[in-house]
Structures are given as structure tokens and as C-alpha cells.
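Dumped entry-v9.cif below, it's mmCIF, C-alpha atoms:
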```cif
data_entry
loop_
_atom_site.label_atom_id
_atom_site.label_comp_id
_atom_site.auth_asym_id
_atom_site.auth_seq_id
_atom_site.Cartn_x
_atom_site.Cartn_y
_atom_site.Cartn_z
CA MET A 1383 -11.89 -5.96 88.37
CA PHE A 1384 -10.68 -5.78 84.77
CA ASN A 1385 -11.45 -8.83 82.56
CA PRO A 1386 -8.86 -9.26 79.67
CA LEU A 1387 -10.81 -12.00 77.91
CA PRO A 1388 -12.79 -9.72 75.58
CA VAL A 1389 -9.61 -7.96 74.48
CA VAL A 1390 -7.89 -11.25 73.69
CA LEU A 1391 -10.88 -12.44 71.76
CA SER A 1392 -10.93 -9.24 69.74
CA VAL A 1393 -7.26 -9.54 68.90
CA LEU A 1394 -7.68 -13.16 67.87
CA LEU A 1395 -10.65 -12.24 65.70
CA ILE A 1396 -8.66 -9.53 63.96
CA ILE A 1397 -5.77 -11.93 63.39
CA LEU A 1398 -8.18 -14.50 61.97
CA ILE A 1399 -9.69 -11.99 59.58
CA ILE A 1400 -6.26 -10.93 58.36
CA PHE A 1401 -5.26 -14.55 57.88
CA VAL A 1402 -8.40 -15.27 55.87
CA LEU A 1403 -7.73 -12.25 53.68
CA ILE A 1404 -4.17 -13.36 53.08
CA VAL A 1405 -5.37 -16.87 52.20
CA LEU A 1406 -7.92 -15.47 49.77
CA VAL A 1407 -5.35 -13.21 48.14
CA ARG A 1408 -2.89 -16.04 47.70
CA SER A 1409 -5.55 -18.48 46.56
CA VAL A 1410 -7.29 -16.45 43.85
CA ARG A 1411 -5.17 -15.46 40.84
CA ILE A 1412 -6.16 -13.90 37.50
CA VAL A 1413 -4.00 -14.60 34.46
CA PRO A 1414 -4.31 -11.92 31.71
CA GLN A 1415 -4.86 -12.72 28.04
CA ALA A 1416 -1.75 -13.82 26.08
CA ARG A 1417 0.01 -14.73 29.31
CA ALA A 1418 0.82 -18.09 30.87
CA GLY A 1419 1.85 -19.06 34.37
CA VAL A 1420 3.64 -22.08 35.75
CA VAL A 1421 2.42 -23.45 39.12
CA GLU A 1422 4.76 -25.38 41.40
CA ARG A 1423 3.37 -27.46 44.26
CA LEU A 1424 5.87 -28.02 47.01
CA GLY A 1425 8.69 -27.11 44.60
CA LYS A 1426 7.58 -29.43 41.77
CA TYR A 1427 5.89 -28.52 38.50
CA GLN A 1428 2.16 -28.96 38.92
CA ARG A 1429 0.40 -27.30 35.94
CA THR A 1430 0.39 -24.37 33.51
CA LEU A 1431 -2.22 -21.69 34.05
CA ASN A 1432 -4.15 -20.39 31.04
CA PRO A 1433 -5.73 -16.89 30.88
CA GLY A 1434 -8.61 -16.47 33.33
CA LEU A 1435 -9.46 -16.97 37.00
CA THR A 1436 -7.77 -19.80 38.92
CA ILE A 1437 -7.60 -21.03 42.53
CA LEU A 1438 -4.35 -22.03 44.22
CA ILE A 1439 -3.70 -23.77 47.49
CA PRO A 1440 -2.14 -21.23 49.81
CA PHE A 1441 1.34 -21.95 51.15
CA VAL A 1442 1.45 -25.08 48.98
CA ASP A 1443 1.19 -23.82 45.42
CA ARG A 1444 3.56 -21.14 44.08
CA LEU A 1445 2.93 -19.20 40.88
CA LEU A 1446 6.08 -18.33 38.95
CA PRO A 1447 6.36 -15.02 37.03
CA LEU A 1448 4.00 -14.94 34.07
CA LEU A 1449 5.37 -15.49 30.57
CA ASP A 1450 4.36 -13.37 27.57
CA LEU A 1451 2.98 -15.55 24.77
CA ARG A 1452 2.92 -12.78 22.17
CA GLU A 1453 5.50 -12.56 19.41
CA GLN A 1454 8.50 -10.65 20.65
CA VAL A 1455 11.13 -8.65 18.81
CA VAL A 1456 14.68 -8.52 20.07
CA SER A 1457 17.37 -6.42 18.41
CA PHE A 1458 20.90 -7.61 19.11
CA PRO A 1459 23.94 -5.30 19.05
CA PRO A 1460 26.32 -5.38 16.04
CA GLN A 1461 28.51 -8.45 15.88
CA PRO A 1462 31.89 -8.63 14.08
CA VAL A 1463 31.90 -11.40 11.49
CA ILE A 1464 34.80 -12.51 9.28
CA THR A 1465 33.90 -13.29 5.66
CA GLU A 1466 35.50 -15.89 3.42
CA ASP A 1467 37.86 -13.27 1.93
CA ASN A 1468 39.09 -12.32 5.44
CA LEU A 1469 37.19 -9.04 5.80
CA VAL A 1470 35.58 -8.08 9.10
CA VAL A 1471 32.02 -6.84 8.72
CA SER A 1472 29.65 -5.64 11.42
CA ILE A 1473 26.16 -7.16 11.25
CA ASP A 1474 23.05 -6.11 13.19
CA THR A 1475 20.33 -8.73 13.60
CA VAL A 1476 16.67 -8.67 14.64
CA VAL A 1477 14.96 -11.87 15.82
CA TYR A 1478 11.18 -12.39 15.96
CA PHE A 1479 10.22 -15.24 18.29
CA GLN A 1480 7.28 -16.47 20.34
CA VAL A 1481 6.98 -18.63 23.46
CA THR A 1482 4.83 -21.64 22.60
CA ASP A 1483 5.43 -23.81 25.69
CA ALA A 1484 5.61 -22.05 29.04
CA ARG A 1485 6.84 -25.17 30.88
CA ALA A 1486 9.77 -25.74 28.46
CA ALA A 1487 10.68 -22.05 28.41
CA THR A 1488 10.84 -22.15 32.22
CA TYR A 1489 12.66 -25.41 32.88
CA GLU A 1490 14.63 -26.19 29.70
CA ILE A 1491 16.61 -22.94 29.52
CA ALA A 1492 17.61 -20.45 32.19
CA ASN A 1493 17.45 -17.28 30.02
CA TYR A 1494 15.98 -17.93 26.60
CA ILE A 1495 16.58 -14.38 25.30
CA GLN A 1496 20.29 -14.58 26.04
CA ALA A 1497 20.36 -18.07 24.55
CA VAL A 1498 18.73 -16.86 21.34
CA GLU A 1499 21.24 -14.00 21.10
CA GLN A 1500 24.27 -16.26 21.50
CA LEU A 1501 22.87 -18.85 19.13
CA THR A 1502 22.16 -16.14 16.54
CA THR A 1503 25.71 -14.80 16.78
CA THR A 1504 27.27 -18.25 16.41
CA THR A 1505 25.05 -19.25 13.49
CA LEU A 1506 25.61 -15.92 11.77
CA ARG A 1507 29.37 -16.35 11.91
CA ASN A 1508 29.10 -19.84 10.48
CA VAL A 1509 26.87 -18.75 7.61
CA VAL A 1510 28.66 -15.52 6.67
CA GLY A 1511 32.06 -17.15 7.10
CA GLY A 1512 31.38 -19.22 3.99
CA LEU A 1513 30.56 -16.16 1.84
CA ASN A 1514 32.72 -13.41 0.43
CA LEU A 1515 31.90 -9.76 0.97
CA GLU A 1516 29.92 -9.31 -2.25
CA GLN A 1517 27.86 -12.43 -1.57
CA ALA A 1518 27.22 -11.35 2.01
CA LEU A 1519 25.97 -7.95 0.85
CA THR A 1520 23.68 -9.36 -1.85
CA SER A 1521 22.42 -12.57 -0.20
CA ARG A 1522 20.42 -11.28 2.74
CA ASP A 1523 17.41 -13.45 2.00
CA GLN A 1524 19.60 -16.55 1.86
CA ILE A 1525 21.32 -15.65 5.14
CA ASN A 1526 17.97 -14.90 6.81
CA GLY A 1527 16.56 -18.26 5.71
CA GLN A 1528 19.55 -20.22 7.00
CA LEU A 1529 19.54 -18.38 10.32
CA ARG A 1530 15.83 -18.95 10.82
CA GLY A 1531 16.12 -22.67 10.04
CA VAL A 1532 18.98 -23.23 12.50
CA LEU A 1533 17.42 -21.11 15.26
CA ASP A 1534 13.97 -22.63 14.93
CA GLU A 1535 15.39 -26.13 15.12
CA ALA A 1536 17.58 -25.36 18.14
CA THR A 1537 14.99 -23.38 20.10
CA GLY A 1538 12.14 -25.82 19.53
CA ARG A 1539 13.03 -27.85 22.62
CA TRP A 1540 13.05 -24.62 24.65
CA GLY A 1541 9.39 -24.01 23.85
CA ILE A 1542 10.25 -21.11 21.53
CA ARG A 1543 9.37 -20.67 17.85
CA VAL A 1544 11.57 -18.33 15.78
CA SER A 1545 9.38 -16.83 13.04
CA ARG A 1546 11.77 -14.40 11.37
CA VAL A 1547 15.39 -13.32 11.41
CA GLU A 1548 16.36 -10.08 9.70
CA LEU A 1549 19.73 -8.45 9.09
CA LYS A 1550 19.34 -4.74 9.81
CA ALA A 1551 22.72 -3.68 8.49
CA ILE A 1552 25.92 -5.14 7.09
CA ASP A 1553 28.71 -2.59 7.51
CA PRO A 1554 32.03 -3.39 5.78
CA PRO A 1555 35.27 -1.62 6.79
CA LEU A 1556 35.60 2.07 5.93
CA SER A 1557 38.34 1.43 3.37
CA ILE A 1558 36.13 -1.08 1.59
CA GLN A 1559 33.21 1.36 1.70
CA ASP A 1560 35.33 4.05 0.03
CA SER A 1561 36.43 1.61 -2.68
CA MET A 1562 32.86 0.51 -3.26
CA GLU A 1563 31.65 4.11 -3.50
CA LYS A 1564 34.36 4.94 -6.06
CA GLN A 1565 33.47 1.84 -8.04
CA MET A 1566 29.78 2.70 -8.01
CA ARG A 1567 30.53 6.31 -8.97
CA ALA A 1568 32.65 5.14 -11.91
CA GLU A 1569 29.92 2.74 -12.97
CA ARG A 1570 27.30 5.50 -12.84
CA ASP A 1571 29.55 7.82 -14.87
CA ARG A 1572 30.07 5.07 -17.45
CA ARG A 1573 26.35 4.45 -17.76
CA ALA A 1574 25.69 8.19 -18.05
CA ALA A 1575 28.26 8.50 -20.83
CA ILE A 1576 26.73 5.53 -22.66
CA LEU A 1577 23.24 6.98 -22.34
CA THR A 1578 24.46 10.38 -23.58
CA ALA A 1579 26.18 8.80 -26.59
CA GLU A 1580 23.08 6.74 -27.35
CA GLY A 1581 20.93 9.86 -27.13
CA THR A 1582 23.23 11.81 -29.44
CA LYS A 1583 23.29 8.93 -31.90
CA GLN A 1584 19.52 8.61 -31.92
CA SER A 1585 19.16 12.38 -32.31
CA GLN A 1586 21.49 12.43 -35.32
CA ILE A 1587 19.72 9.45 -36.86
CA LEU A 1588 16.32 11.06 -36.41
CA THR A 1589 17.59 14.39 -37.77
CA ALA A 1590 19.08 12.72 -40.85
CA GLU A 1591 15.93 10.71 -41.35
CA GLY A 1592 13.82 13.85 -41.08
CA GLU A 1593 15.99 15.72 -43.57
CA ARG A 1594 15.83 12.77 -45.99
CA GLN A 1595 12.07 12.58 -45.68
CA ALA A 1596 11.80 16.35 -46.16
CA ALA A 1597 14.00 16.21 -49.28
CA ILE A 1598 11.95 13.33 -50.67
CA LEU A 1599 8.69 15.15 -50.01
CA GLN A 1600 10.04 18.38 -51.52
CA ALA A 1601 11.23 16.52 -54.63
CA GLU A 1602 7.90 14.79 -54.95
CA GLY A 1603 6.13 18.15 -54.55
CA ASP A 1604 8.34 19.77 -57.20
CA ALA A 1605 7.74 16.87 -59.57
CA LYS A 1606 4.00 17.01 -59.08
CA ALA A 1607 4.04 20.82 -59.51
CA ALA A 1608 6.04 20.51 -62.74
CA ILE A 1609 3.66 17.85 -64.01
CA LEU A 1610 0.66 20.01 -63.14
CA ARG A 1611 2.24 23.05 -64.86
CA ALA A 1612 3.05 20.99 -67.92
CA ASP A 1613 -0.47 19.59 -67.99
CA GLY A 1614 -1.88 23.11 -67.65
CA GLU A 1615 0.27 24.47 -70.44
CA ALA A 1616 -0.61 21.52 -72.64
CA GLN A 1617 -4.29 22.01 -71.99
CA ALA A 1618 -3.96 25.76 -72.69
CA ILE A 1619 -2.15 25.12 -75.97
CA GLN A 1620 -4.70 22.50 -76.89
CA LYS A 1621 -7.56 24.91 -76.16
CA VAL A 1622 -5.92 27.69 -78.19
CA PHE A 1623 -5.25 25.24 -81.01
CA ASP A 1624 -8.84 24.03 -80.91
CA ALA A 1625 -10.17 27.60 -80.77
CA ILE A 1626 -8.05 28.65 -83.72
CA HIS A 1627 -9.16 25.68 -85.82
CA ALA A 1628 -12.76 26.12 -84.71
CA GLY A 1629 -12.70 29.76 -85.92
CA GLN A 1630 -11.16 28.72 -89.28
CA PRO A 1631 -8.87 31.80 -89.58
CA ASP A 1632 -7.62 32.80 -93.03
CA GLN A 1633 -4.12 33.68 -94.03
CA LYS A 1634 -4.65 37.39 -93.48
CA LEU A 1635 -5.72 37.00 -89.84
CA LEU A 1636 -2.80 34.77 -89.09
CA ALA A 1637 -0.44 37.30 -90.61
CA TYR A 1638 -1.93 40.06 -88.47
CA GLN A 1639 -1.55 38.05 -85.27
CA TYR A 1640 1.98 37.18 -86.27
CA LEU A 1641 2.90 40.87 -86.60
CA GLN A 1642 1.39 41.63 -83.15
CA THR A 1643 3.57 39.00 -81.57
CA LEU A 1644 6.82 40.30 -82.99
CA PRO A 1645 7.16 43.37 -80.68
CA LYS A 1646 7.12 41.08 -77.65
CA LEU A 1647 10.39 39.65 -78.82
CA ALA A 1648 12.06 42.99 -78.12
CA GLU A 1649 10.69 43.36 -74.59
CA GLY A 1650 13.16 43.28 -71.70
CA SER A 1651 16.13 45.44 -70.80
CA SER A 1652 18.63 42.80 -71.88
CA ASN A 1653 17.41 42.53 -75.45
CA LYS A 1654 19.87 44.66 -77.49
CA LEU A 1655 19.56 42.76 -80.75
CA TRP A 1656 16.66 40.90 -82.33
CA ILE A 1657 16.13 39.31 -85.72
CA ILE A 1658 13.14 39.76 -88.02
CA PRO A 1659 12.20 36.47 -89.62
CA SER A 1660 11.79 36.15 -93.37
CA GLU A 1661 8.04 35.54 -92.98
CA VAL A 1662 7.54 39.22 -92.13
CA GLY A 1663 7.35 40.09 -95.78
CA GLU A 1664 4.57 37.71 -96.46
CA ALA A 1665 2.70 38.96 -93.43
CA LEU A 1666 3.05 42.57 -94.59
CA LYS A 1667 1.71 41.64 -97.97
CA GLY A 1668 -1.35 40.15 -96.39
CA ILE A 1669 -1.93 43.24 -94.27
CA GLY A 1670 -1.48 45.49 -97.22
CA GLY A 1671 -4.03 43.57 -99.23
CA VAL A 1672 -6.58 43.87 -96.46
CA LEU A 1673 -6.15 47.62 -96.03
CA GLY A 1674 -6.20 48.23 -99.80
CA ASN A 1675 -2.73 49.82 -99.72
CA ILE A 1676 0.14 48.98 -101.85
CA ALA A 1677 2.58 47.37 -99.62
CA PRO A 1678 6.16 47.68 -100.63
CA GLU A 1679 7.56 44.45 -101.66
CA ILE A 1680 10.09 43.31 -99.25
CA LYS A 1681 12.31 40.61 -100.35
CA PRO A 1682 13.58 38.89 -97.29
CA ASP A 1683 16.93 37.26 -97.22
CA ASP A 1684 17.22 33.60 -96.61
CA GLY A 1685 18.46 34.08 -93.10
CA GLY A 1686 16.53 37.28 -92.28
CA ALA A 1687 17.81 40.86 -92.12
CA PRO A 1688 19.19 42.03 -88.85
CA ARG A 1689 18.06 45.44 -87.55
CA HIS A 1690 18.92 47.50 -84.54
#
```

What does this structure look like when you write it as C-alpha cells?
Amino acid sequence: MFNPLPVVLSVLLIILIIFVLIVLVRSVRIVPQARAGVVERLGKYQRTLNPGLTILIPFVDRLLPLLDLREQVVSFPPQPVITEDNLVVSIDTVVYFQVTDARAATYEIANYIQAVEQLTTTTLRNVVGGLNLEQALTSRDQINGQLRGVLDEATGRWGIRVSRVELKAIDPPLSIQDSMEKQMRAERDRRAAILTAEGTKQSQILTAEGERQAAILQAEGDAKAAILRADGEAQAIQKVFDAIHAGQPDQKLLAYQYLQTLPKLAEGSSNKLWIIPSEVGEALKGIGGVLGNIAPEIKPDDGGAPRH
């Protein structure tokens, strides 16, 4: 006769083993680094789990989804914002935040990312609404600082710390962009024209200064050359004069040298007429006396006799 008791015992043993495994799986939890978990016991907050191994009471404790404690970056879509001068600009924002209190982030706010986005949009409209377009385009640091201050203060009770808020882009209307581009192009052309005029002016000034310096140097060189030539001629005359006086020439030698110099007066193709001085007669007399010849007496006129 068949005995069902062993079969029942086997089934019960298998069920017991499965139950023990389930209990172990639900009791032992491992929390990774930079994560945090909130434990509820019978539906009520019990504790916050830190990274590491932890033991829970099965079917009594419940571990909520783990929260990331690292700094997170969320980029929000462009938001239309009206400036003080009634222009609609589109602004993209990026928020850097970090969960510092897992319990507050779980129970104080339902969706903290959506809350940060809505709070950023509202604060951005309040801040940019008090600025005109030019101020909004050039005051990004000021806008970022105001946004961060308001967000950090509001999200503190949610267990979130906002570290940075950045404006990715501020896009004005297309018509305003065209006007700004034309204005910038005109400003660049004006600066280029000013720089060109300044360069031409400096070039002309430098050229004139160089020519003046060159003229001054050339004049100084000519003056020094003339002085050197005059000094050389004076020294040559002085040496000739000293040599003549050192040799003690007589009247006859001087007359001979005088006659040798006279033909040089007629040199040159342009000399058609030259005058013989009255001292030629005296010189000829001296030459004649030296050679022992009878020189014809030439009586010179007072002003000299012209010959062709």
C-alpha cells in the first residue's frame, strides 16, 4: 500500500527552503557607494541606509528606490522670458544640484527635478523681467548668481543643494538679431576705418621724420666735408708757403714759376680770351738775365695788353 507521507514531507521541505531563500533575499540588501536608501517599517519612516551591507526585517521593512547622492546636471528646455523693454527672449538653463538629505528629498517633495525646473523658470522670469535686452545679454554672471541664491534657499528644505546655475543661451527675436548684427558690422567698419587712418597718419609722420633726419644728416655731412676740404687746402697752402720760404727762392726763380703758371690760364675749351698781367715783363727780364740773353724790353700797360 502506497504511503503519501514521504511525498508530503518532501514538498513541505522544498517549500520551507524556498521560503528561507526568499527571506534571506529580502533581508540582506547592499547599498552602492554614493547612494542612499530610505527604509519604511510598516509604512512609516524608519531609517536611512548608508552605502554597505544592511539587514532588513522581511515583510515588515520596505526599502524605497535608492537615491543618487552625486551632483546631477539637468538641462531645461528654452523658456520664453519678457524683458523690461517688452522683448521676448528664449533662455536655456542648466542646473547643477545634489541630494544632501535622502529623507527630505523623499517626503518633502514629490518630484524634486520637476520642482527645480519650475522654480528655475519662475525665478528666471522675475530676474530677467527687471532687465532690458542689453543688460540681459551682458549680465549673465549676475543672473546666474541671483538664480542660484533663490534656488538654493528654496530647495534647502527639500534636501537639495543647488551648486550652480548657468544660462546656456539667450536668443533674442530674429529682427533684433539682424539689427544687432548690422550695428556690430557698422561698429567694426568704423573701427577699421579709424585704425587705417591712424596707420596712414603714423606712416606719413614716420616718413616725414625720416626725410628730415636724412636731410639733417646730409647737411651735416656736407658741412663736415666742406670743413675737411677747407682744412686740407689750408694745410696744403701752408705747407707750400712754408716750403717756399724754407727754400729762400730769389726773384728769378719766382719769375720762372710765374711764367709756367700762365699757360694754365688758357686751358679749357671755353677760354676764348685771356689777359696777360703787367708783371709778365718783369718776369721776362728776370729770365733773360739768367739765360744771358738780351730780353726785349716790354713795357706793359697799366691794365695789361690783351692778346688773342

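The spacing separating atom CA of A:Pro1440 from atom CA of A:Tyr1427 amounts to 15.7 Å.
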
For the structure provided, state which residues fall under the PyMOL selection byres ((chain A and resi 1554) around 10), and present them as a PyMOL selection string.
chain A and resi 1462-1463+1469-1473+1515+1519+1551-1553+1555-1560+1562

Looking at A:Thr1503, A:Thr1520, A:Ser1457, A:Thr1436, which one is nearest to A:Val1410, with distances taken over all atoms listed in the file?
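Closest to A:Val1410, using all atoms listed in the file: A:Thr1436.
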
Between A:Ala1574, A:Leu1451, A:Ala1518, A:Ile1495, which one has atoms that come closest to A:Arg1417, using all atoms listed in the file?
A:Leu1451

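Interatomic distance, atom CA of A:Phe1401 to atom CA of A:Val1442: 15.3 Å.
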
Go ahead and compute the interatomic distance for atom CA of A:Leu1588 and atom CA of A:Asp1604, in Å to one decimal.
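One can read the atom CA of A:Leu1588 to atom CA of A:Asp1604 distance as 23.9 Å.
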
If we count only C-alpha atoms and set the cut-off at 10 Å, which residues sit around A:Thr1465, ignoring sequence neighbours fewer than 6 positions away in its own chain? Please answer as a PyMOL selection string.
chain A and resi 1471+1507-1518

Selected residue of minimal separation from A:Thr1430 among A:Ala1486, A:Leu1529, A:Ala1625, A:Ile1399, counting only C-alpha atoms:
A:Ala1486

Using only C-alpha atoms, pick whichever of A:Met1566, A:Ala1484, A:Leu1599, A:Leu1398 has the shortest atom-to-atom distance to A:Arg1429.
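Under the stated criterion, the closest residue is A:Ala1484.
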
Neighbours of A:Glu1548 within 7 Å (all atoms listed in the file; same-chain residues fewer than 2 positions away dropped), as a PyMOL selection string?
chain A and resi 1475-1477+1526+1546+1550

Once the PyMOL selection byres ((chain A and resi 1499) around 12) has been evaluated on this model, what residues remain selected, and can you format them as a PyMOL selection string?
chain A and resi 1455-1461+1474-1479+1493-1498+1500-1506+1529+1533+1537+1544+1547

Using only C-alpha atoms, can you tell me which of A:Thr1582, A:Gln1528, A:Ser1545, A:Asn1432 comes closest to A:Gln1454?
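With only C-alpha atoms as the atom set, the closest residue is A:Ser1545.
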
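Compared by their closest atoms to A:Glu1490, and using all atoms listed in the file, the residues A:Ile1404, A:Ile1464, A:Trp1540, A:Arg1522 rank with A:Trp1540 nearest.
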
Residues selected by the PyMOL selection byres ((chain A and resi 1413) around 10), written as a PyMOL selection string:
chain A and resi 1411-1412+1414-1419+1431-1436+1448
